[in-house]
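Contents: one structure, followed by commentary.
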Amino acid sequence: MNVTVNGEERTLDQNKSVESFLLEIGIDPKKVAVERNLEIVPKSQFADVILSDGDKLEIVHFIGGGSQDVTDTFDIAGQTFNSRLLVGTGKYKDFEETKLAIEASGAEIVTVAVRRVNVTDPSQPMLVDYVDPKKYTYLPNTAGCFTCDDAVRTLRLAREAGGWDLVKLEVLGDQATLYPNMPETLKAAEMLIKEGFKVMVYCSDDPIAAKALEDMGCVAIMPLGSLIGSGLGILNPVNIQIIKQNANVPVLVDAGVGTASDAAFAMELGCDGVLMNTAIAAAKDPIAMARAMKLAIEAGRLAFQAGRMPKKQYAVPSSPTSGLIETK
């Protein structure tokens with residue numbers, strides 16, 4: 001009989017269970033999620049579900065898309081975190097560099113994309129072999145999704161693969177800007193929340209849209225600083241501040257950070273955290289940049305708590321003017 005696995009046809013000599021098939025091709029059933037004919041197969045049923053002629057399977061896994069002062073923690077959906085820096089796992093040269101950069105950043109939350117397992121060569125390493133999901137909070141995201149349906153389907157698979165219901169939703173508008181498609185984002189967020197997901201959502205820097213997402217039940221709002229991967233920094237700080245001032249859930253800048261000063265600026269605006277990937281992964285020395293970002297987040301947060309001096313139009317002397325030596 002013939003089945004289609006991740007888009008490729010395979011011939012089986014006999015009926016097999018999902019579990020038997022995975023083991024036969026060298027894939028650990030504990031590390032993947034399986035969709036059969038657009039329906040997720042629960043891990044608990046891998047041994048019981050028998051493949052049939054014409055079945056279409058999707059087998060996916062997660063890929064690579066020090067803490068701060070413990071007295072300054074923040075919560076997302078009931079979970080407490082020490083580090084306010086969230087990092088992505090993509091664009092590194094290999095998983096070893098990914099691991100070292102994450103360790104240097106001090107991040108506790110890492111975003112992971114969901115992609116097909118390489119069934120042709122299942123011996124290839126997986127992210128979970130380098131970045132322990134027991135040590136870090138995996139945040140499955142919908143990177144590369146341009147419709148509500150694709151995003152929802154992806155996160156359903158992600159929950160099955162790892163059991164995580166805290167997810168990052170992003171629905172993109174086009175390939176050129178990767179700007180969020182807000183109508184599709186709102187639609188997807190509503191569906192996911194109804195299914196019990198705790199949704200952290202990438203959105204435009206529109207205070208009205210951000211508030212609508214919070215009112216809907218999203219657990220964190222993640223407005224863009226600028227375009228994904230652009231390194232342009234925070235282009236509209238006024239809107240970011242308005243979003244933060246109106247929010248009752250964490251607000252984290254997502255996308256556009258290019259260097260440490262951008263991260264510090266985001267924190268000085270009062271944001272609860274920053275998510276970044278390219279700024280670290282595309283640096284000449286990703287490990288050093290990861291350390292720089294960790295320090296920038298800490299410095300920016302401390303500066304916000306300290307309260308900056310007011311801006312003034314004219315100079316004000318630092319030294320007292322009384323008691324000056326008189327000149328004739």
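Convention: chains lettered A, B, ... in structure tokens order; per-chain residue numbering from 1; ligands numbered from 1 as shown.
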Per residue of range 7-83 of chain A within 12 Å of range 267-280 of chain A, note the shortest atom pair and the distance in Å to one decimal, counting only C-alpha atoms, and order the rows by chain and increasing residue number, as JSON lines.
{"residue": "A:Gly64", "atom": "CA", "partner": "A:Asn277", "partner_atom": "CA", "distance": 9.9}
{"residue": "A:Gly65", "atom": "CA", "partner": "A:Asn277", "partner_atom": "CA", "distance": 8.5}
{"residue": "A:Asp72", "atom": "CA", "partner": "A:Asp272", "partner_atom": "CA", "distance": 10.5}
{"residue": "A:Thr73", "atom": "CA", "partner": "A:Asp272", "partner_atom": "CA", "distance": 9.7}
{"residue": "A:Phe74", "atom": "CA", "partner": "A:Asp272", "partner_atom": "CA", "distance": 7.5}
{"residue": "A:Asp75", "atom": "CA", "partner": "A:Asp272", "partner_atom": "CA", "distance": 9.4}
{"residue": "A:Ile76", "atom": "CA", "partner": "A:Asp272", "partner_atom": "CA", "distance": 10.1}
{"residue": "A:Phe81", "atom": "CA", "partner": "A:Gly273", "partner_atom": "CA", "distance": 10.6}
{"residue": "A:Asn82", "atom": "CA", "partner": "A:Gly273", "partner_atom": "CA", "distance": 10.6}
{"residue": "A:Ser83", "atom": "CA", "partner": "A:Gly273", "partner_atom": "CA", "distance": 8.3}
Got time to write the residues from that selection, all heavy atoms, as a PDB file, in the first residue's frame?
ATOM      1  N   GLY A  64      15.267  25.214  15.298  1.00  0.00           N
ATOM      2  CA  GLY A  64      15.723  26.522  15.672  1.00  0.00           C
ATOM      3  C   GLY A  64      15.347  27.559  14.597  1.00  0.00           C
ATOM      4  O   GLY A  64      15.696  27.321  13.481  1.00  0.00           O
ATOM      5  N   GLY A  65      14.161  27.726  14.650  1.00  0.00           N
ATOM      6  CA  GLY A  65      13.624  28.925  14.047  1.00  0.00           C
ATOM      7  C   GLY A  65      14.505  29.924  13.951  1.00  0.00           C
ATOM      8  O   GLY A  65      14.596  30.262  14.044  1.00  0.00           O
ATOM      9  N   ASP A  72      13.048  40.826  40.518  1.00  0.00           N
ATOM     10  CA  ASP A  72      12.367  41.556  39.448  1.00  0.00           C
ATOM     11  C   ASP A  72      11.810  40.577  38.424  1.00  0.00           C
ATOM     12  O   ASP A  72      12.134  40.622  37.248  1.00  0.00           O
ATOM     13  CB  ASP A  72      13.324  42.542  38.774  1.00  0.00           C
ATOM     14  CG  ASP A  72      12.616  43.427  37.756  1.00  0.00           C
ATOM     15  OD1 ASP A  72      11.442  43.776  37.988  1.00  0.00           O
ATOM     16  OD2 ASP A  72      13.224  43.738  36.722  1.00  0.00           O
ATOM     17  N   THR A  73      11.002  39.661  38.880  1.00  0.00           N
ATOM     18  CA  THR A  73      10.415  38.662  37.989  1.00  0.00           C
ATOM     19  C   THR A  73       9.195  39.242  37.281  1.00  0.00           C
ATOM     20  O   THR A  73       8.680  40.296  37.658  1.00  0.00           O
ATOM     21  CB  THR A  73       9.995  37.421  38.780  1.00  0.00           C
ATOM     22  OG1 THR A  73       9.018  37.811  39.766  1.00  0.00           O
ATOM     23  CG2 THR A  73      11.188  36.789  39.481  1.00  0.00           C
ATOM     24  N   PHE A  74       8.742  38.547  36.245  1.00  0.00           N
ATOM     25  CA  PHE A  74       7.469  38.914  35.627  1.00  0.00           C
ATOM     26  C   PHE A  74       6.728  37.648  35.238  1.00  0.00           C
ATOM     27  O   PHE A  74       7.323  36.578  35.067  1.00  0.00           O
ATOM     28  CB  PHE A  74       7.672  39.860  34.442  1.00  0.00           C
ATOM     29  CG  PHE A  74       8.119  39.213  33.153  1.00  0.00           C
ATOM     30  CD1 PHE A  74       7.303  39.240  32.039  1.00  0.00           C
ATOM     31  CD2 PHE A  74       9.360  38.604  33.047  1.00  0.00           C
ATOM     32  CE1 PHE A  74       7.713  38.674  30.842  1.00  0.00           C
ATOM     33  CE2 PHE A  74       9.777  38.044  31.860  1.00  0.00           C
ATOM     34  CZ  PHE A  74       8.946  38.077  30.750  1.00  0.00           C
ATOM     35  N   ASP A  75       5.416  37.769  35.120  1.00  0.00           N
ATOM     36  CA  ASP A  75       4.555  36.611  34.891  1.00  0.00           C
ATOM     37  C   ASP A  75       3.922  36.668  33.513  1.00  0.00           C
ATOM     38  O   ASP A  75       3.537  37.746  33.029  1.00  0.00           O
ATOM     39  CB  ASP A  75       3.441  36.544  35.936  1.00  0.00           C
ATOM     40  CG  ASP A  75       3.966  36.253  37.344  1.00  0.00           C
ATOM     41  OD1 ASP A  75       5.133  35.821  37.453  1.00  0.00           O
ATOM     42  OD2 ASP A  75       3.216  36.460  38.301  1.00  0.00           O
ATOM     43  N   ILE A  76       3.819  35.505  32.897  1.00  0.00           N
ATOM     44  CA  ILE A  76       3.046  35.345  31.670  1.00  0.00           C
ATOM     45  C   ILE A  76       2.138  34.143  31.873  1.00  0.00           C
ATOM     46  O   ILE A  76       2.628  33.026  32.104  1.00  0.00           O
ATOM     47  CB  ILE A  76       3.931  35.114  30.434  1.00  0.00           C
ATOM     48  CG1 ILE A  76       4.852  36.320  30.190  1.00  0.00           C
ATOM     49  CG2 ILE A  76       3.060  34.880  29.191  1.00  0.00           C
ATOM     50  CD1 ILE A  76       5.794  36.146  29.016  1.00  0.00           C
ATOM     51  N   PHE A  81       8.943  34.224  35.396  1.00  0.00           N
ATOM     52  CA  PHE A  81      10.244  34.176  34.735  1.00  0.00           C
ATOM     53  C   PHE A  81      11.160  35.235  35.327  1.00  0.00           C
ATOM     54  O   PHE A  81      10.709  36.299  35.756  1.00  0.00           O
ATOM     55  CB  PHE A  81      10.085  34.395  33.235  1.00  0.00           C
ATOM     56  CG  PHE A  81       9.227  33.361  32.565  1.00  0.00           C
ATOM     57  CD1 PHE A  81       7.873  33.602  32.340  1.00  0.00           C
ATOM     58  CD2 PHE A  81       9.759  32.144  32.181  1.00  0.00           C
ATOM     59  CE1 PHE A  81       7.072  32.644  31.739  1.00  0.00           C
ATOM     60  CE2 PHE A  81       8.965  31.175  31.577  1.00  0.00           C
ATOM     61  CZ  PHE A  81       7.620  31.426  31.362  1.00  0.00           C
ATOM     62  N   ASN A  82      12.447  34.937  35.354  1.00  0.00           N
ATOM     63  CA  ASN A  82      13.444  35.875  35.833  1.00  0.00           C
ATOM     64  C   ASN A  82      14.005  36.736  34.703  1.00  0.00           C
ATOM     65  O   ASN A  82      14.204  37.934  34.864  1.00  0.00           O
ATOM     66  CB  ASN A  82      14.593  35.124  36.512  1.00  0.00           C
ATOM     67  CG  ASN A  82      14.140  34.355  37.728  1.00  0.00           C
ATOM     68  OD1 ASN A  82      13.374  34.865  38.526  1.00  0.00           O
ATOM     69  ND2 ASN A  82      14.600  33.119  37.863  1.00  0.00           N
ATOM     70  N   SER A  83      14.281  36.127  33.561  1.00  0.00           N
ATOM     71  CA  SER A  83      14.846  36.855  32.432  1.00  0.00           C
ATOM     72  C   SER A  83      13.743  37.489  31.600  1.00  0.00           C
ATOM     73  O   SER A  83      12.751  36.831  31.263  1.00  0.00           O
ATOM     74  CB  SER A  83      15.677  35.917  31.548  1.00  0.00           C
ATOM     75  OG  SER A  83      16.105  36.598  30.384  1.00  0.00           O
TER      76      SER A  83
END
* Asked: Which is closer to Val60 in chain A than all the others in A:Ala263, A:Ala33, A:Leu23, A:Val199, using only C-alpha atoms?
  ->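 Ranking A:Ala263, A:Ala33, A:Leu23, A:Val199 by distance to Val60 in chain A, first place goes to A:Ala33.
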* To do: From range 157-281 of chain A, collect each residue whose DSSP state is helix (DSSP H, G or I) and return the set as a ChimeraX atom specification.
  => /A:157-162,182-194,207-216,237-246,260-268,278-281
* **Counting only C-alpha atoms, the residue of A:Asn239, A:Asn15, A:Asn141, A:Ser105 that sits nearest Lys198 in chain A** =>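 Counting only C-alpha atoms, the residue closest to Lys198 in chain A is A:Asn141.
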* Rank A:Val253, A:Leu86, A:Ala104, A:Val316 by their smallest atom-to-atom distance to Asp285 in chain A, using only C-alpha atoms, and report the top residue only. =>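 Once distances to Asp285 in chain A are computed over only C-alpha atoms, the minimum belongs to A:Ala104.
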* Asked: Of the candidates A:Ala101, A:Val32, A:Val114, A:Val41, which one gets nearest to Met289 in chain A if we count only C-alpha atoms?
  ->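 Nearest candidate to Met289 in chain A out of A:Ala101, A:Val32, A:Val114, A:Val41: A:Ala101.
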For Met182 in chain A, find every residue with an atom within 8 Å (counting only C-alpha atoms), except residues of its own chain fewer than 6 positions away, and show them as an mmCIF file with C-alpha atoms, in the first residue's frame.
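Listed below is the output, out19.cif:
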data_model
loop_
_atom_site.group_PDB
_atom_site.id
_atom_site.type_symbol
_atom_site.label_atom_id
_atom_site.label_comp_id
_atom_site.auth_asym_id
_atom_site.auth_seq_id
_atom_site.Cartn_x
_atom_site.Cartn_y
_atom_site.Cartn_z
ATOM 1 C CA VAL A 171 0.046 35.672 10.959
ATOM 2 C CA CYS A 203 0.932 42.483 16.226
ATOM 3 C CA SER A 204 1.272 45.909 14.673
ATOM 4 C CA ALA A 209 -5.669 46.503 17.766
#
* To do: Please provide as number ranges by chain all residues within 8 Å of range 189-192 of chain A, with the sequence filter that same-chain residues fewer than 5 positions apart are discarded (counting only C-alpha atoms).
  => A: 152, 169, 197-199, 201, 213, 216, 218
* **Polymer residues at most 8 Å from Tyr136 in chain A, only C-alpha atoms, same-chain spacing of 4 or more positions, as a ChimeraX atom specification** => /A:108-110,131-132
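When CA of Ala264 in chain A is paired with CA of Ala296 in chain A, their separation reads 4.9 Å.
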* Taking the chain letters and numbering used in this document, name the residues of range 133-308 of chain A that DSSP puts in strand (DSSP E or B), as a list of chain:residue names. => A:Thr137, A:Tyr138, A:Leu139, A:Pro140, A:Asn141, A:Leu166, A:Val167, A:Lys168, A:Leu169, A:Leu172, A:Pro180, A:Lys198, A:Val199, A:Met200, A:Val201, A:Tyr202, A:Cys203, A:Ala220, A:Ile221, A:Met222, A:Pro223, A:Val251, A:Leu252, A:Val253, A:Asp254, A:Gly273, A:Val274, A:Leu275, A:Met276
